[in-house]
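Just structure-v2.txt here, compact mmCIF, C-alpha atoms:
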# COMPACT_ATOMS: atom_id res chain seq x y z
CA MET A 1 -19.48 13.92 -10.44
CA THR A 2 -19.22 17.44 -9.07
CA SER A 3 -17.49 18.50 -5.88
CA SER A 4 -16.23 21.72 -4.34
CA LEU A 5 -13.40 22.13 -1.84
CA CYS A 6 -12.00 25.20 -0.07
CA ASP A 7 -9.78 25.43 3.02
CA ASP A 8 -10.94 28.20 5.37
CA GLY A 9 -7.51 28.28 7.01
CA ALA A 10 -5.67 29.00 3.77
CA ARG A 11 -3.32 31.89 3.12
CA ALA A 12 -5.22 34.99 2.01
CA GLY A 13 -3.02 35.46 -1.05
CA ASP A 14 -4.28 32.23 -2.57
CA ARG A 15 -8.01 32.76 -2.03
CA GLY A 16 -8.45 34.20 -5.53
CA ARG A 17 -7.28 30.99 -7.22
CA ARG A 18 -10.21 28.98 -8.52
CA PHE A 19 -9.46 25.75 -10.34
CA LEU A 20 -11.95 23.86 -12.45
CA ILE A 21 -10.87 20.21 -12.79
CA LEU A 22 -12.46 18.33 -15.68
CA SER A 23 -12.48 14.58 -15.17
CA ALA A 24 -14.60 11.66 -16.39
CA GLY A 25 -16.29 8.76 -14.65
CA MET A 26 -14.75 6.16 -16.94
CA GLY A 27 -13.88 3.68 -14.22
CA ALA A 28 -12.47 5.37 -11.12
CA GLY A 29 -8.89 6.32 -11.99
CA HIS A 30 -9.37 9.72 -13.59
CA ASP A 31 -11.82 10.77 -10.87
CA GLY A 32 -9.46 9.50 -8.19
CA VAL A 33 -6.68 11.72 -9.47
CA ALA A 34 -9.02 14.69 -9.85
CA VAL A 35 -10.44 14.46 -6.32
CA GLU A 36 -7.01 14.06 -4.71
CA LEU A 37 -5.72 17.01 -6.74
CA ALA A 38 -8.70 19.10 -5.60
CA ARG A 39 -7.95 18.18 -1.97
CA ARG A 40 -4.34 19.28 -2.31
CA LEU A 41 -5.23 22.56 -4.00
CA ALA A 42 -7.83 23.30 -1.33
CA ALA A 43 -5.27 22.60 1.39
CA ALA A 44 -2.94 25.07 -0.34
CA GLY A 45 -5.57 27.81 -0.18
CA ALA A 46 -7.33 27.63 -3.53
CA GLU A 47 -10.85 26.68 -4.47
CA ALA A 48 -11.10 23.54 -6.58
CA ARG A 49 -14.17 22.00 -8.20
CA VAL A 50 -14.33 18.66 -10.00
CA VAL A 51 -16.75 18.35 -12.92
CA ASP A 52 -17.38 15.30 -15.09
CA VAL A 53 -16.81 16.35 -18.70
CA LEU A 54 -19.35 13.73 -19.81
CA ASP A 55 -22.02 15.77 -18.04
CA LEU A 56 -21.30 18.62 -20.46
CA LEU A 57 -22.48 16.52 -23.41
CA PRO A 58 -26.13 17.14 -24.37
CA LEU A 59 -28.99 14.66 -24.72
CA GLY A 60 -27.49 12.12 -22.32
CA LEU A 61 -24.62 11.36 -24.68
CA GLY A 62 -22.22 11.18 -21.75
CA ARG A 63 -24.17 8.31 -20.16
CA VAL A 64 -24.31 6.53 -23.50
CA LEU A 65 -20.57 6.93 -24.01
CA ARG A 66 -19.80 5.64 -20.52
CA GLY A 67 -22.09 2.65 -20.90
CA TRP A 68 -20.68 1.80 -24.32
CA TYR A 69 -17.10 1.93 -23.05
CA ARG A 70 -17.91 -0.24 -20.03
CA TRP A 71 -19.60 -2.83 -22.26
CA THR A 72 -16.77 -3.01 -24.79
CA VAL A 73 -13.94 -3.39 -22.26
CA ARG A 74 -15.92 -6.02 -20.35
CA ALA A 75 -17.60 -8.01 -23.10
CA CYS A 76 -16.00 -7.11 -26.43
CA PRO A 77 -12.37 -6.06 -25.90
CA TRP A 78 -11.41 -6.80 -29.52
CA LEU A 79 -13.88 -4.11 -30.64
CA TYR A 80 -12.42 -1.58 -28.23
CA GLU A 81 -8.92 -2.44 -29.45
CA LEU A 82 -10.03 -1.83 -33.04
CA ILE A 83 -11.63 1.52 -32.20
CA TYR A 84 -8.65 2.53 -30.09
CA ARG A 85 -6.21 1.85 -32.95
CA ARG A 86 -8.43 3.60 -35.50
CA PHE A 87 -9.54 6.66 -33.57
CA PHE A 88 -7.00 7.17 -30.79
CA LEU A 89 -3.76 6.38 -32.63
CA SER A 90 -4.28 6.88 -36.33
CA ALA A 91 -3.19 10.27 -37.71
CA ARG A 92 -6.05 10.06 -40.23
CA SER A 93 -8.71 9.69 -37.55
CA PRO A 94 -11.34 12.45 -37.24
CA GLY A 95 -10.57 12.41 -33.51
CA ALA A 96 -12.94 13.72 -30.85
CA GLY A 97 -13.70 17.00 -32.61
CA PRO A 98 -17.50 16.60 -32.85
CA LEU A 99 -17.90 15.48 -29.22
CA ALA A 100 -15.49 18.16 -28.01
CA ALA A 101 -17.42 20.84 -29.86
CA LEU A 102 -20.68 19.74 -28.23
CA ALA A 103 -19.16 19.82 -24.74
CA ALA A 104 -17.31 23.10 -25.37
CA ARG A 105 -20.61 24.90 -25.91
CA ARG A 106 -21.63 24.05 -22.35
CA LEU A 107 -18.26 24.60 -20.66
CA ARG A 108 -19.32 27.98 -19.30
CA ARG A 109 -22.04 26.26 -17.29
CA ALA A 110 -19.31 24.69 -15.13
CA GLY A 111 -18.84 28.07 -13.47
CA PRO A 112 -16.12 30.73 -13.22
CA CYS A 113 -12.49 29.81 -12.61
CA THR A 114 -8.96 31.14 -13.00
CA GLU A 115 -7.57 27.93 -14.57
CA VAL A 116 -8.92 24.70 -16.02
CA ILE A 117 -7.15 21.37 -15.45
CA SER A 118 -8.05 18.32 -17.54
CA THR A 119 -7.44 14.80 -16.20
CA PHE A 120 -9.20 13.01 -19.07
CA HIS A 121 -8.41 13.06 -22.77
CA LEU A 122 -11.85 14.22 -23.96
CA ALA A 123 -11.61 17.09 -21.48
CA ALA A 124 -8.24 18.04 -23.03
CA GLN A 125 -9.91 18.21 -26.44
CA VAL A 126 -12.73 20.36 -25.04
CA THR A 127 -10.41 22.88 -23.39
CA GLY A 128 -7.98 22.95 -26.32
CA LEU A 129 -10.78 23.64 -28.77
CA SER A 130 -12.30 26.28 -26.49
CA ARG A 131 -8.95 28.04 -26.05
CA ALA A 132 -8.26 27.97 -29.79
CA ARG A 133 -11.67 29.48 -30.57
CA GLY A 134 -11.49 32.07 -27.80
CA GLY A 135 -14.35 30.65 -25.79
CA LEU A 136 -12.08 29.85 -22.85
CA THR A 137 -10.11 32.89 -21.68
CA VAL A 138 -8.25 31.39 -18.71
CA PRO A 139 -5.20 29.08 -18.89
CA SER A 140 -5.75 25.41 -19.59
CA THR A 141 -3.46 22.71 -18.17
CA VAL A 142 -3.65 19.07 -19.21
CA LEU A 143 -2.65 16.57 -16.52
CA ILE A 144 -1.87 13.40 -18.46
CA THR A 145 -2.57 10.52 -16.08
CA ASP A 146 -1.27 7.70 -18.31
CA PHE A 147 2.25 6.55 -19.17
CA ALA A 148 1.19 5.83 -22.75
CA VAL A 149 -0.18 8.93 -24.44
CA HIS A 150 -2.42 8.79 -27.50
CA ARG A 151 -3.40 11.66 -29.78
CA MET A 152 -6.71 12.31 -27.97
CA TRP A 153 -4.73 13.82 -25.09
CA LEU A 154 -3.10 16.37 -27.39
CA HIS A 155 -4.47 19.69 -28.63
CA PRO A 156 -2.27 22.71 -29.38
CA GLY A 157 -4.91 25.05 -27.97
CA ASN A 158 -4.03 24.03 -24.40
CA ASP A 159 -1.44 26.13 -22.59
CA ARG A 160 0.71 23.43 -20.99
CA TYR A 161 0.98 19.74 -20.26
CA LEU A 162 2.06 17.82 -17.16
CA CYS A 163 3.32 14.27 -17.74
CA LEU A 164 4.48 11.27 -15.72
CA ASP A 165 7.39 10.13 -17.89
CA PRO A 166 10.39 12.10 -19.28
CA ALA A 167 10.08 10.52 -22.74
CA VAL A 168 6.37 11.32 -22.85
CA THR A 169 7.08 14.88 -21.72
CA ARG A 170 9.44 15.44 -24.65
CA ALA A 171 7.08 13.80 -27.14
CA VAL A 172 4.08 15.85 -25.98
CA SER A 173 5.97 19.12 -26.19
CA ALA A 174 7.20 18.26 -29.68
CA ALA A 175 3.72 17.25 -30.88
CA THR A 176 1.83 20.26 -29.49
CA GLY A 177 4.44 23.01 -29.45
CA ARG A 178 3.42 23.69 -25.86
CA PRO A 179 5.54 23.49 -22.70
CA ALA A 180 5.44 20.19 -20.85
CA ARG A 181 6.72 19.34 -17.37
CA ARG A 182 7.08 16.13 -15.42
CA TYR A 183 5.10 15.63 -12.19
CA ALA A 184 4.94 12.98 -9.48
CA PRO A 185 1.96 10.59 -9.62
CA VAL A 186 -1.06 11.90 -7.75
CA VAL A 187 -2.07 9.34 -5.12
CA ARG A 188 -3.76 9.74 -1.76
CA PRO A 189 -1.37 10.25 1.19
CA GLU A 190 -2.67 7.08 2.86
CA PHE A 191 -0.74 4.99 0.34
CA ARG A 192 2.51 6.78 1.07
CA ARG A 193 1.93 6.29 4.79
CA ALA A 194 1.23 2.59 4.42
CA ALA A 195 3.03 0.25 6.79
CA PRO A 196 6.65 -0.27 5.68
CA VAL A 197 7.15 -3.27 3.41
CA PRO A 198 8.70 -6.01 5.59
CA ALA A 199 12.25 -7.13 4.98
CA ARG A 200 10.94 -10.63 4.32
CA PRO A 201 8.05 -11.02 1.90
CA VAL A 202 4.82 -11.72 3.78
CA ARG A 203 3.12 -15.10 3.72
CA GLY A 204 -0.53 -15.97 4.01
CA ARG A 205 -2.29 -19.13 5.07
CA ASP A 206 -0.55 -22.46 4.47
CA GLY A 207 2.68 -20.60 3.78
CA THR A 208 1.41 -19.11 0.52
CA ARG A 209 2.11 -15.50 -0.37
CA PRO A 210 -0.92 -13.19 -0.73
CA VAL A 211 -1.03 -11.51 -4.15
CA LEU A 212 -3.60 -8.86 -5.02
CA VAL A 213 -5.07 -9.12 -8.52
CA ALA A 214 -6.49 -5.81 -9.76
CA ALA A 215 -9.47 -5.60 -12.11
CA GLY A 216 -10.27 -1.89 -11.89
CA ALA A 217 -13.47 -0.25 -10.69
CA TRP A 218 -15.51 -2.11 -13.31
CA GLY A 219 -13.92 -5.52 -12.78
CA VAL A 220 -12.52 -6.05 -16.28
CA GLY A 221 -9.92 -8.28 -17.87
CA GLU A 222 -8.91 -11.93 -17.66
CA VAL A 223 -8.44 -11.85 -13.90
CA GLU A 224 -10.15 -15.19 -13.33
CA GLU A 225 -7.51 -16.95 -15.42
CA THR A 226 -4.78 -15.09 -13.55
CA ALA A 227 -6.23 -16.03 -10.16
CA ARG A 228 -6.56 -19.70 -11.10
CA ALA A 229 -2.95 -19.81 -12.27
CA LEU A 230 -1.70 -18.27 -9.04
CA ALA A 231 -3.76 -20.55 -6.85
CA GLY A 232 -2.78 -23.59 -8.89
CA SER A 233 0.91 -22.93 -8.31
CA GLY A 234 0.52 -23.72 -4.61
CA ARG A 235 2.84 -20.82 -3.81
CA TYR A 236 0.49 -17.85 -4.02
CA MET A 237 -2.88 -16.90 -2.57
CA PRO A 238 -4.68 -14.65 -5.09
CA ILE A 239 -7.05 -12.00 -3.77
CA VAL A 240 -9.00 -10.49 -6.65
CA LEU A 241 -10.11 -6.87 -6.39
CA CYS A 242 -13.35 -6.99 -8.38
CA GLY A 243 -14.36 -3.35 -7.98
CA ARG A 244 -18.08 -2.91 -8.49
CA ASN A 245 -18.48 -6.02 -10.65
CA GLU A 246 -20.65 -8.12 -8.34
CA ALA A 247 -21.11 -10.85 -10.96
CA LEU A 248 -17.35 -11.31 -11.18
CA ARG A 249 -17.00 -11.47 -7.41
CA ASP A 250 -19.78 -14.04 -7.11
CA ARG A 251 -18.29 -16.16 -9.89
CA LEU A 252 -14.84 -16.17 -8.32
CA ALA A 253 -16.20 -16.87 -4.85
CA GLY A 254 -18.22 -19.76 -6.27
CA ALA A 255 -14.99 -21.19 -7.67
CA GLY A 256 -13.40 -21.08 -4.23
CA LEU A 257 -11.20 -18.04 -4.92
CA ASP A 258 -10.81 -15.02 -2.64
CA ALA A 259 -12.66 -12.10 -4.21
CA LEU A 260 -13.37 -8.64 -2.82
CA GLY A 261 -15.78 -5.97 -3.99
CA TRP A 262 -15.22 -2.23 -3.94
CA ARG A 263 -12.81 -1.39 -1.10
CA THR A 264 -11.78 1.77 0.71
CA ASP A 265 -8.97 0.07 2.67
CA LEU A 266 -6.57 -0.55 -0.21
CA PRO A 267 -3.58 0.97 1.66
CA GLU A 268 -3.97 -1.65 4.41
CA LEU A 269 -4.48 -4.48 1.91
CA MET A 270 -1.38 -3.43 0.00
CA ALA A 271 0.68 -3.21 3.17
CA ALA A 272 -0.15 -6.86 3.89
CA ALA A 273 0.42 -8.20 0.35
CA TYR A 274 3.46 -9.73 -1.34
CA ALA A 275 2.76 -8.16 -4.76
CA LEU A 276 0.04 -6.80 -7.05
CA VAL A 277 -0.80 -8.26 -10.46
CA ASP A 278 -2.17 -5.45 -12.62
CA ASN A 279 -3.76 -5.32 -16.07
CA ALA A 280 -4.29 -1.62 -16.82
CA ALA A 281 -1.29 0.52 -15.74
CA GLY A 282 -3.75 2.88 -14.08
CA LEU A 283 -4.27 4.48 -10.68
CA THR A 284 -4.28 1.21 -8.69
CA CYS A 285 -0.88 0.37 -10.14
CA LEU A 286 0.51 3.78 -9.12
CA GLU A 287 -1.02 3.48 -5.65
CA ALA A 288 0.73 0.16 -5.15
CA LEU A 289 4.05 1.60 -6.28
CA ALA A 290 3.60 4.53 -3.89
CA ALA A 291 2.99 2.07 -1.05
CA GLY A 292 6.19 0.21 -1.90
CA LEU A 293 4.34 -2.87 -3.21
CA PRO A 294 5.91 -4.51 -6.30
CA VAL A 295 3.63 -4.68 -9.33
CA VAL A 296 3.66 -7.23 -12.14
CA SER A 297 1.66 -6.65 -15.32
CA HIS A 298 -0.13 -9.64 -16.84
CA ARG A 299 -2.94 -10.11 -19.37
CA PRO A 300 -3.41 -6.35 -19.97
CA ILE A 301 -6.78 -5.05 -21.07
CA ALA A 302 -7.15 -3.84 -24.64
CA GLY A 303 -6.15 -0.47 -26.03
CA HIS A 304 -4.66 2.03 -23.63
CA GLY A 305 -4.17 -0.69 -21.00
CA ARG A 306 -1.84 -2.71 -23.20
CA ASP A 307 0.08 0.37 -24.34
CA GLY A 308 0.43 1.63 -20.77
CA VAL A 309 1.77 -1.72 -19.58
CA ARG A 310 4.37 -1.72 -22.34
CA ARG A 311 5.46 1.83 -21.53
CA MET A 312 5.82 1.12 -17.81
CA ALA A 313 7.75 -2.07 -18.53
CA ARG A 314 10.16 -0.19 -20.82
CA ALA A 315 10.61 2.41 -18.08
CA GLY A 316 11.71 -0.34 -15.68
CA LEU A 317 8.83 0.28 -13.27
CA VAL A 318 6.67 -2.80 -13.68
CA PRO A 319 7.82 -6.17 -15.07
CA ALA A 320 5.46 -7.52 -17.73
CA ALA A 321 4.73 -11.25 -17.76
CA ARG A 322 3.65 -12.61 -21.13
CA ASP A 323 2.37 -15.99 -19.93
CA THR A 324 1.65 -17.95 -16.77
CA GLY A 325 5.14 -19.40 -16.52
CA GLU A 326 6.68 -15.95 -16.78
CA LEU A 327 4.23 -14.55 -14.24
CA LEU A 328 5.19 -17.15 -11.66
CA ALA A 329 8.90 -16.72 -12.41
CA VAL A 330 8.70 -12.94 -11.95
CA LEU A 331 6.78 -13.33 -8.70
CA ASP A 332 9.28 -15.90 -7.45
CA GLY A 333 12.08 -13.47 -8.27
CA LEU A 334 10.52 -10.81 -6.05
CA ALA A 335 11.54 -12.89 -3.03
CA ASP A 336 15.06 -11.58 -3.69
CA PRO A 337 15.51 -8.42 -1.56
CA ASP A 338 17.97 -6.99 -4.08
CA ARG A 339 15.42 -7.35 -6.87
CA ARG A 340 12.76 -5.58 -4.83
CA ALA A 341 15.25 -2.84 -3.88
CA ARG A 342 16.12 -2.20 -7.54
CA LEU A 343 12.47 -1.85 -8.47
CA ARG A 344 11.84 0.50 -5.54
CA ALA A 345 14.80 2.64 -6.53
CA ARG A 346 13.40 3.04 -10.05
CA VAL A 347 9.96 3.88 -8.67
CA ALA A 348 11.51 6.46 -6.34
CA GLU A 349 12.84 8.31 -9.38
CA VAL A 350 9.30 8.71 -10.70
CA PHE A 351 7.97 9.99 -7.38
CA ALA A 352 10.93 12.37 -7.10
CA ALA A 353 9.36 14.65 -9.72
CA PRO A 354 7.73 17.84 -8.39
CA PRO A 355 4.29 17.41 -6.81
CA VAL A 356 1.62 18.68 -9.18
CA GLU A 357 0.34 21.24 -6.68
CA ASP A 358 3.78 22.85 -6.62
CA LEU A 359 3.66 23.24 -10.39
CA LEU A 360 0.16 24.69 -10.32
CA MET A 361 0.74 26.91 -7.27
CA PRO A 362 4.48 27.68 -6.99
CA GLY A 363 5.92 28.78 -3.69
CA LEU A 364 3.98 26.59 -1.26
CA GLU A 365 5.21 26.93 2.30
CA PRO A 366 6.82 23.90 3.99
CA ALA A 367 4.37 21.94 6.09
CA GLY A 368 4.40 18.78 8.13
CA ALA A 369 4.46 15.50 6.22
CA PRO A 370 5.38 11.93 7.06
CA PRO A 371 9.14 11.38 7.28
CA HIS A 372 10.56 9.58 4.29
CA GLY A 373 10.95 6.40 6.28
CA GLU A 374 7.20 6.17 6.90
CA ALA A 375 6.21 6.16 3.25
CA GLY A 376 6.50 3.43 0.69
CA VAL A 377 8.47 5.68 -1.67
CA PRO A 378 10.00 9.06 -0.78
CA SER A 379 9.18 11.95 -3.08
CA HIS A 380 10.66 15.31 -3.95
CA GLY A 381 8.93 18.11 -2.08
CA GLU A 382 6.89 15.80 0.12
CA ALA A 383 7.78 17.82 3.22
CA ARG A 384 6.44 20.94 1.50
CA ARG A 385 2.91 19.64 1.14
CA SER A 386 0.28 21.77 2.80
CA SER A 387 -1.79 18.89 4.09
CA THR A 388 -1.49 15.19 4.70
CA GLY A 389 -5.04 14.62 5.79
CA GLY A 390 -7.34 11.80 4.82
CA PRO A 391 -9.39 11.35 1.67
CA PRO A 392 -11.89 14.00 0.66
Written form, structure tokens:
Amino acid sequence: MTSSLCDDGARAGDRGRRFLILSAGMGAGHDGVAVELARRLAAAGAEARVVDVLDLLPLGLGRVLRGWYRWTVRACPWLYELIYRRFFLSARSPGAGPLAALAARRLRRAGPCTEVISTFHLAAQVTGLSRARGGLTVPSTVLITDFAVHRMWLHPGNDRYLCLDPAVTRAVSAATGRPARRYAPVVRPEFRRAAPVPARPVRGRDGTRPVLVAAGAWGVGEVEETARALAGSGRYMPIVLCGRNEALRDRLAGAGLDALGWRTDLPELMAAAYALVDNAAGLTCLEALAAGLPVVSHRPIAGHGRDGVRRMARAGLVPAARDTGELLAVLDGLADPDRRARLRARVAEVFAAPPVEDLLMPGLEPAGAPPHGEAGVPSHGEARRSSTGGPP
């Protein structure tokens, strides 16, 4: 994907800032962060372009890589887990050096900029290698979008790192020798302006509580088993978010389960739900937390999904349910207002970190933003945002 944004009403002093944001269409999470970041930077007066790093690979290798990844996480998760452990975690792995070198040769084709921001781990390898070899002469910032960080995110050639978790921030700085700062999760403002979570948990038809079940943009994971367990309890009404996996949606609908395809009204769906069951610790999970919707992790997908779930559980953000009985017990416990309040307080600490646009463009002027009471979770600096408009 490629997009360009620039706000004609921006302050003149910021017009010289040109950000190149390298993302990757591996699902929708990395692109979602990149596009929202570009919108914020444009609102602050800079130019921001989003480029898919896979498009920098020659001979259609990017399409092959995307298709292979989609197939493994959908149909052969054990193989992805094996590759993840061998290549993403092992210190003896050759890493992404060969792929990064191929993409680095074509980085100049992405156009001129004053800073490069990477929201995907291969992009971080490309920019780090380019900086180390002198091919990239402008600063490179890596925006780590995951709570669990593997070695593919890390390259000492990059200038700085922005992280979601304090422990990850310290570990990244120690591993790379580069400065690292914490930032608040990048989600669209619609989620923070979602309708306030009611004092009493909502109920759906027949007195059951509606629970969203997330499967990501590609509709992956054991969500059918999760939905059947929720429906079978008689206490919950599962609504499976199948993304663009039409086969999954048809299969679930044929089994009498509520299944939705790709949606653009997630803020409204989350405002009407009791909880979200997540399996990837990705952008959908963070969007739900921003909207004030409790999240429970269950049956995580292989590799980075499982590691991210564990990290978020240890951070006290998202309870992890190991089996069906534990899933139902955790969901039942969310009916306790005190339990929900404790989770929201912990989430508020994460969103209290500086907004990423403030770290990239210090000194933003205060601007109108929704009062804290209108958002699911208040955040540090929210009133200083330059724009609270809709999606790009």
Problem - Computed interatomic separation between atom CA of A:Gly25 and atom CA of A:Arg66 (Å) - result: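 Interatomic distance, atom CA of A:Gly25 to atom CA of A:Arg66: 7.5 Å.
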Exercise for the section: Kindly indicate which residue among A:Ala44, A:Asp55, A:Val33, A:Val295 lies nearest to A:Met361, using only C-alpha atoms for the distances. Expected result: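 Closest to A:Met361, using only C-alpha atoms: A:Ala44.
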Practice task
Work out how far atom CA of A:Ala329 is from atom CA of A:Asp265, in Å to one decimal.
Solution key: 28.8 Å
Could you build a table of the residues in stretch 201-312 of chain A lying no more than 9 Å from stretch 68-73 of chain A, giving for each the nearest pair of atoms and their separation in Å rounded to one decimal place, using only C-alpha atoms, ordered by chain and ascending residue number, as a Markdown table?
| residue | atom | partner | partner_atom | distance |
| --- | --- | --- | --- | --- |
| A:Trp218 | CA | A:Arg70 | CA | 7.4 |
| A:Val220 | CA | A:Val73 | CA | 6.7 |
| A:Gly221 | CA | A:Val73 | CA | 7.7 |
| A:Ile301 | CA | A:Val73 | CA | 7.4 |
| A:Ala302 | CA | A:Val73 | CA | 7.2 |
Handout entry: Nearest candidate to A:Glu349 (options A:Ala104, A:Ile239, A:Leu289, A:Ala227; using all atoms listed in the file)
Key =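 Going through A:Ala104, A:Ile239, A:Leu289, A:Ala227 one by one, the smallest distance to A:Glu349 is for A:Leu289.
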Exercise for the section: List every protein, DNA or RNA residue that has an atom no more than 8 Å from (-14.4, 12.9, -17.1) in the file's coordinate frame, counting all atoms listed in the file, and report them as a PyMOL selection string. Expected result: chain A and resi 22-26+30-31+51-54+119-120+122-123
Handout entry: Distance criterion (all atoms listed in the file): nearest to A:Tyr161 out of A:Ser118, A:Ser130, A:Thr137, A:Asn245
Key =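 Looking at the shortest contact to A:Tyr161, the residue is A:Ser118.
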Fill in the blank from the handout: Computed gap from atom CA of A:Gly111 to atom CA of A:Asn158 is 18.8 Å
Exercise for the section: Skip stretch 168-180 of chain A itself and residues of its chain fewer than 4 positions away, then list as a PyMOL selection string all residues within 8 Å of it, counting all atoms listed in the file. Expected result: chain A and resi 147-149+154-156+158-164
Report as JSON lines the residues of stretch 210-319 of chain A within 10 Å of stretch 332-347 of chain A, each with its shortest atom pair and distance in Å (one decimal), using all atoms listed in the file, ordered by chain and increasing residue number.
{"residue": "A:Arg235", "atom": "CA", "partner": "A:Asp332", "partner_atom": "CA", "distance": 8.9}
{"residue": "A:Tyr236", "atom": "CA", "partner": "A:Asp332", "partner_atom": "CA", "distance": 9.6}
{"residue": "A:Tyr274", "atom": "CA", "partner": "A:Leu334", "partner_atom": "CA", "distance": 8.6}
{"residue": "A:Ala275", "atom": "CA", "partner": "A:Leu334", "partner_atom": "CA", "distance": 8.3}
{"residue": "A:Leu286", "atom": "CA", "partner": "A:Val347", "partner_atom": "CA", "distance": 9.5}
{"residue": "A:Leu289", "atom": "CA", "partner": "A:Val347", "partner_atom": "CA", "distance": 6.8}
{"residue": "A:Ala290", "atom": "CA", "partner": "A:Val347", "partner_atom": "CA", "distance": 8.0}
{"residue": "A:Gly292", "atom": "CA", "partner": "A:Arg344", "partner_atom": "CA", "distance": 6.7}
{"residue": "A:Leu293", "atom": "CA", "partner": "A:Arg344", "partner_atom": "CA", "distance": 8.5}
{"residue": "A:Pro294", "atom": "CA", "partner": "A:Arg340", "partner_atom": "CA", "distance": 7.1}
{"residue": "A:Val295", "atom": "CA", "partner": "A:Leu343", "partner_atom": "CA", "distance": 9.3}
{"residue": "A:Val296", "atom": "CA", "partner": "A:Leu334", "partner_atom": "CA", "distance": 9.8}
{"residue": "A:Ala315", "atom": "CA", "partner": "A:Arg346", "partner_atom": "CA", "distance": 8.5}
{"residue": "A:Gly316", "atom": "CA", "partner": "A:Arg346", "partner_atom": "CA", "distance": 6.8}
{"residue": "A:Leu317", "atom": "CA", "partner": "A:Val347", "partner_atom": "CA", "distance": 5.9}
{"residue": "A:Val318", "atom": "CA", "partner": "A:Leu343", "partner_atom": "CA", "distance": 7.9}
{"residue": "A:Pro319", "atom": "CA", "partner": "A:Leu343", "partner_atom": "CA", "distance": 9.2}
Problem - For A:Arg105, the nearest of the candidates A:Ala273, A:Leu56, A:Ala91, A:Ala217, counting all atoms listed in the file - result: A:Leu56
Handout entry: Residue nearest A:Ala259 - candidates A:Arg192, A:Arg228, A:Arg133, A:Arg209, atoms counted: all atoms listed in the file
Key =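 Looking only at the distances to A:Ala259, the closest residue turns out to be A:Arg228.
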Problem - A:Leu360, A:Glu222, A:Leu328, A:Ala280 ranked by distance to A:Ser140, top pick (using all atoms listed in the file) - result: A:Leu360
Handout entry: Selection near A:Pro58, 10 Å with all atoms listed in the file, sequence-local residues under 6 positions removed, as a list in words
Key =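 So, after excluding close chain neighbours, the residues are Leu99, Leu102, Ala103, Arg105 and Arg106 of chain A.
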Just-selected residues, C-alpha atoms written as a PDB file, in the frame of the given file:
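Contents of the output file selection_2.pdb:
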ATOM      1  CA  LEU A  99     -17.900  15.480 -29.220  1.00  0.00           C
ATOM      2  CA  LEU A 102     -20.680  19.740 -28.230  1.00  0.00           C
ATOM      3  CA  ALA A 103     -19.160  19.820 -24.740  1.00  0.00           C
ATOM      4  CA  ARG A 105     -20.610  24.900 -25.910  1.00  0.00           C
ATOM      5  CA  ARG A 106     -21.630  24.050 -22.350  1.00  0.00           C
TER       6      ARG A 106
END
Box in all listed atoms of stretch 299-314 of chain A, axis-aligned, with 3 Å more on each side; write out centre and edge lengths in Å to one decimal as JSON.
{"center_x": 1.5, "center_y": -4.0, "center_z": -21.9, "size_x": 23.3, "size_y": 18.1, "size_z": 14.2}
Skip A:His304 itself and residues of its chain fewer than 2 positions away, then list as a compact mmCIF listing (two decimals) with C-alpha atoms, in the frame of the given file all residues within 10 Å of it, counting all atoms listed in the file.
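Output (result_22.txt):
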# COMPACT_ATOMS: atom_id res chain seq x y z
CA TYR A 80 -12.42 -1.58 -28.23
CA GLU A 81 -8.92 -2.44 -29.45
CA TYR A 84 -8.65 2.53 -30.09
CA ARG A 85 -6.21 1.85 -32.95
CA PHE A 88 -7.00 7.17 -30.79
CA ASP A 146 -1.27 7.70 -18.31
CA PHE A 147 2.25 6.55 -19.17
CA ALA A 148 1.19 5.83 -22.75
CA VAL A 149 -0.18 8.93 -24.44
CA HIS A 150 -2.42 8.79 -27.50
CA ALA A 280 -4.29 -1.62 -16.82
CA ALA A 281 -1.29 0.52 -15.74
CA GLY A 282 -3.75 2.88 -14.08
CA PRO A 300 -3.41 -6.35 -19.97
CA ILE A 301 -6.78 -5.05 -21.07
CA ALA A 302 -7.15 -3.84 -24.64
CA ARG A 306 -1.84 -2.71 -23.20
CA ASP A 307 0.08 0.37 -24.34
CA GLY A 308 0.43 1.63 -20.77
CA VAL A 309 1.77 -1.72 -19.58
CA ARG A 310 4.37 -1.72 -22.34
Polymer residues at most 9 Å from A:Glu357, all atoms listed in the file, same-chain spacing of 2 or more positions, as a PDB file with C-alpha atoms, keeping the file's coordinate frame:
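The file below, out-v2.pdb, is the result:
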ATOM      1  CA  LEU A  37      -5.720  17.010  -6.740  1.00  0.00           C
ATOM      2  CA  ARG A  40      -4.340  19.280  -2.310  1.00  0.00           C
ATOM      3  CA  LEU A  41      -5.230  22.560  -4.000  1.00  0.00           C
ATOM      4  CA  ALA A  44      -2.940  25.070  -0.340  1.00  0.00           C
ATOM      5  CA  PRO A 354       7.730  17.840  -8.390  1.00  0.00           C
ATOM      6  CA  PRO A 355       4.290  17.410  -6.810  1.00  0.00           C
ATOM      7  CA  LEU A 359       3.660  23.240 -10.390  1.00  0.00           C
ATOM      8  CA  LEU A 360       0.160  24.690 -10.320  1.00  0.00           C
ATOM      9  CA  MET A 361       0.740  26.910  -7.270  1.00  0.00           C
ATOM     10  CA  PRO A 362       4.480  27.680  -6.990  1.00  0.00           C
ATOM     11  CA  LEU A 364       3.980  26.590  -1.260  1.00  0.00           C
ATOM     12  CA  ARG A 385       2.910  19.640   1.140  1.00  0.00           C
TER      13      ARG A 385
END
